[in-house]
Amino acid sequence: MLHRILKKVNLPKAVVQEGVTYFVYHNSIGQIVLDPQVNIPASEFWLFKNKELLTTIDRGITESTSSKTIKRGSFAKYVEDES
């Protein structure tokens, strides 16, 4: 009798997130572990290596989402049209 081993796991929609892949491994006691991973484009990786700048950007996003920003009006007069 021939047995086929399927290497497939079905995950519920509530668990699966857009852009997330899973590294699958088993630990020392035989449990199968799904470790979620995200890919960062090489062109953006420099930001994650610069901890000071990343902290500054995180602070800016936090301030923006908690209404701690100040309206400065339009900056259109400073734009030079290159078209």
# chains A, B, ... in the order shown; residues from 1 in each chain; ligands from 1
>>> residues_around(residues="region 3-20 of chain A", least_positions_apart="2", cutoff="12 Å", atoms="only C-alpha atoms", output="PyMOL selection string")
chain A and resi 1+22-24+32-40
>>> select_by_dssp(residues="chain A", states="strand (DSSP E or B)", output="list in words")
Val20, Thr21, Tyr22, Phe23, Val24, Tyr25, His26, Ile32, Val33, Leu34, Asp35, Pro36, Gln37 and Val38 of chain A
>>> atom_distance(atom1="CA of Ala42 (chain A)", atom2="CA of Leu54 (chain A)")
15.8 Å
>>> decode(residues="region 36-80 of chain A", atoms="N, CA and C atoms", output="JSON list (two decimals), in the first residue's frame")
[["chain", "number", "residue", "atom", "x", "y", "z"],
["A", 36, "PRO", "N", 5.72, 33.45, 12.10],
["A", 36, "PRO", "CA", 5.37, 34.43, 11.07],
["A", 36, "PRO", "C", 6.57, 35.30, 10.69],
["A", 37, "GLN", "N", 6.69, 35.57, 9.40],
["A", 37, "GLN", "CA", 7.78, 36.37, 8.86],
["A", 37, "GLN", "C", 7.21, 37.41, 7.90],
["A", 38, "VAL", "N", 7.85, 38.57, 7.82],
["A", 38, "VAL", "CA", 7.53, 39.56, 6.79],
["A", 38, "VAL", "C", 8.81, 39.89, 6.04],
["A", 39, "ASN", "N", 8.67, 40.19, 4.78],
["A", 39, "ASN", "CA", 9.82, 40.55, 3.96],
["A", 39, "ASN", "C", 9.93, 42.06, 3.88],
["A", 40, "ILE", "N", 11.14, 42.56, 3.99],
["A", 40, "ILE", "CA", 11.41, 43.98, 3.86],
["A", 40, "ILE", "C", 12.18, 44.19, 2.57],
["A", 41, "PRO", "N", 11.70, 45.07, 1.69],
["A", 41, "PRO", "CA", 12.45, 45.31, 0.46],
["A", 41, "PRO", "C", 13.86, 45.83, 0.78],
["A", 42, "ALA", "N", 14.84, 45.40, 0.00],
["A", 42, "ALA", "CA", 16.23, 45.81, 0.23],
["A", 42, "ALA", "C", 16.37, 47.33, 0.23],
["A", 43, "SER", "N", 15.56, 48.01, -0.59],
["A", 43, "SER", "CA", 15.65, 49.47, -0.67],
["A", 43, "SER", "C", 15.18, 50.15, 0.61],
["A", 44, "GLU", "N", 14.47, 49.44, 1.48],
["A", 44, "GLU", "CA", 13.98, 50.01, 2.74],
["A", 44, "GLU", "C", 14.71, 49.46, 3.96],
["A", 45, "PHE", "N", 15.57, 48.48, 3.77],
["A", 45, "PHE", "CA", 16.25, 47.83, 4.89],
["A", 45, "PHE", "C", 17.16, 48.78, 5.67],
["A", 46, "TRP", "N", 17.72, 49.77, 5.00],
["A", 46, "TRP", "CA", 18.62, 50.73, 5.66],
["A", 46, "TRP", "C", 17.93, 51.39, 6.85],
["A", 47, "LEU", "N", 16.63, 51.63, 6.74],
["A", 47, "LEU", "CA", 15.91, 52.30, 7.81],
["A", 47, "LEU", "C", 15.89, 51.44, 9.07],
["A", 48, "PHE", "N", 15.73, 50.13, 8.91],
["A", 48, "PHE", "CA", 15.67, 49.24, 10.07],
["A", 48, "PHE", "C", 17.04, 49.07, 10.72],
["A", 49, "LYS", "N", 18.10, 49.37, 9.99],
["A", 49, "LYS", "CA", 19.45, 49.31, 10.57],
["A", 49, "LYS", "C", 19.80, 50.60, 11.30],
["A", 50, "ASN", "N", 19.08, 51.71, 11.02],
["A", 50, "ASN", "CA", 19.33, 53.00, 11.65],
["A", 50, "ASN", "C", 18.32, 53.19, 12.78],
["A", 51, "LYS", "N", 18.66, 52.70, 13.97],
["A", 51, "LYS", "CA", 17.74, 52.68, 15.11],
["A", 51, "LYS", "C", 17.29, 54.09, 15.53],
["A", 52, "GLU", "N", 18.19, 55.07, 15.45],
["A", 52, "GLU", "CA", 17.84, 56.44, 15.85],
["A", 52, "GLU", "C", 16.77, 57.01, 14.93],
["A", 53, "LEU", "N", 16.95, 56.85, 13.63],
["A", 53, "LEU", "CA", 15.97, 57.35, 12.67],
["A", 53, "LEU", "C", 14.65, 56.59, 12.78],
["A", 54, "LEU", "N", 14.72, 55.29, 12.98],
["A", 54, "LEU", "CA", 13.51, 54.48, 13.12],
["A", 54, "LEU", "C", 12.72, 54.92, 14.35],
["A", 55, "THR", "N", 13.41, 55.23, 15.44],
["A", 55, "THR", "CA", 12.75, 55.73, 16.65],
["A", 55, "THR", "C", 12.07, 57.06, 16.39],
["A", 56, "THR", "N", 12.74, 57.94, 15.64],
["A", 56, "THR", "CA", 12.16, 59.24, 15.30],
["A", 56, "THR", "C", 10.91, 59.08, 14.45],
["A", 57, "ILE", "N", 10.96, 58.21, 13.48],
["A", 57, "ILE", "CA", 9.79, 57.98, 12.63],
["A", 57, "ILE", "C", 8.65, 57.36, 13.44],
["A", 58, "ASP", "N", 8.95, 56.40, 14.30],
["A", 58, "ASP", "CA", 7.92, 55.80, 15.15],
["A", 58, "ASP", "C", 7.26, 56.86, 16.03],
["A", 59, "ARG", "N", 8.07, 57.77, 16.58],
["A", 59, "ARG", "CA", 7.52, 58.83, 17.43],
["A", 59, "ARG", "C", 6.60, 59.74, 16.60],
["A", 60, "GLY", "N", 7.02, 60.07, 15.38],
["A", 60, "GLY", "CA", 6.20, 60.91, 14.51],
["A", 60, "GLY", "C", 4.87, 60.26, 14.16],
["A", 61, "ILE", "N", 4.90, 58.96, 13.88],
["A", 61, "ILE", "CA", 3.66, 58.24, 13.57],
["A", 61, "ILE", "C", 2.75, 58.22, 14.80],
["A", 62, "THR", "N", 3.33, 57.98, 15.97],
["A", 62, "THR", "CA", 2.54, 57.96, 17.21],
["A", 62, "THR", "C", 1.90, 59.33, 17.46],
["A", 63, "GLU", "N", 2.68, 60.40, 17.28],
["A", 63, "GLU", "CA", 2.14, 61.75, 17.47],
["A", 63, "GLU", "C", 1.03, 62.05, 16.46],
["A", 64, "SER", "N", 1.23, 61.61, 15.24],
["A", 64, "SER", "CA", 0.25, 61.85, 14.18],
["A", 64, "SER", "C", -1.07, 61.15, 14.47],
["A", 65, "THR", "N", -1.00, 59.91, 14.94],
["A", 65, "THR", "CA", -2.22, 59.15, 15.20],
["A", 65, "THR", "C", -2.90, 59.55, 16.50],
["A", 66, "SER", "N", -2.20, 60.29, 17.37],
["A", 66, "SER", "CA", -2.81, 60.73, 18.62],
["A", 66, "SER", "C", -3.10, 62.23, 18.60],
["A", 67, "SER", "N", -3.22, 62.80, 17.39],
["A", 67, "SER", "CA", -3.59, 64.22, 17.19],
["A", 67, "SER", "C", -2.64, 65.20, 17.88],
["A", 68, "LYS", "N", -1.35, 64.88, 17.92],
["A", 68, "LYS", "CA", -0.37, 65.79, 18.49],
["A", 68, "LYS", "C", 0.40, 66.53, 17.41],
["A", 69, "THR", "N", -0.27, 66.79, 16.28],
["A", 69, "THR", "CA", 0.38, 67.49, 15.18],
["A", 69, "THR", "C", -0.17, 68.90, 15.07],
["A", 70, "ILE", "N", 0.56, 69.76, 14.38],
["A", 70, "ILE", "CA", 0.16, 71.15, 14.20],
["A", 70, "ILE", "C", -0.02, 71.40, 12.71],
["A", 71, "LYS", "N", -1.16, 71.97, 12.31],
["A", 71, "LYS", "CA", -1.40, 72.32, 10.91],
["A", 71, "LYS", "C", -0.54, 73.51, 10.56],
["A", 72, "ARG", "N", 0.24, 73.39, 9.51],
["A", 72, "ARG", "CA", 1.12, 74.48, 9.06],
["A", 72, "ARG", "C", 0.67, 75.06, 7.72],
["A", 73, "GLY", "N", -0.48, 74.63, 7.23],
["A", 73, "GLY", "CA", -1.00, 75.14, 5.97],
["A", 73, "GLY", "C", -0.32, 74.47, 4.78],
["A", 74, "SER", "N", -0.49, 75.09, 3.63],
["A", 74, "SER", "CA", 0.04, 74.54, 2.38],
["A", 74, "SER", "C", 1.50, 74.94, 2.18],
["A", 75, "PHE", "N", 2.27, 74.03, 1.65],
["A", 75, "PHE", "CA", 3.67, 74.30, 1.30],
["A", 75, "PHE", "C", 3.84, 74.38, -0.21],
["A", 76, "ALA", "N", 2.72, 74.52, -0.93],
["A", 76, "ALA", "CA", 2.73, 74.51, -2.39],
["A", 76, "ALA", "C", 3.62, 75.62, -2.96],
["A", 77, "LYS", "N", 3.73, 76.74, -2.28],
["A", 77, "LYS", "CA", 4.54, 77.84, -2.82],
["A", 77, "LYS", "C", 6.04, 77.52, -2.85],
["A", 78, "TYR", "N", 6.45, 76.49, -2.15],
["A", 78, "TYR", "CA", 7.85, 76.11, -2.11],
["A", 78, "TYR", "C", 8.21, 75.05, -3.17],
["A", 79, "VAL", "N", 7.21, 74.55, -3.88],
["A", 79, "VAL", "CA", 7.43, 73.51, -4.88],
["A", 79, "VAL", "C", 7.82, 74.14, -6.20],
["A", 80, "GLU", "N", 8.90, 73.64, -6.79],
["A", 80, "GLU", "CA", 9.30, 74.09, -8.11],
["A", 80, "GLU", "C", 8.79, 73.08, -9.12]]
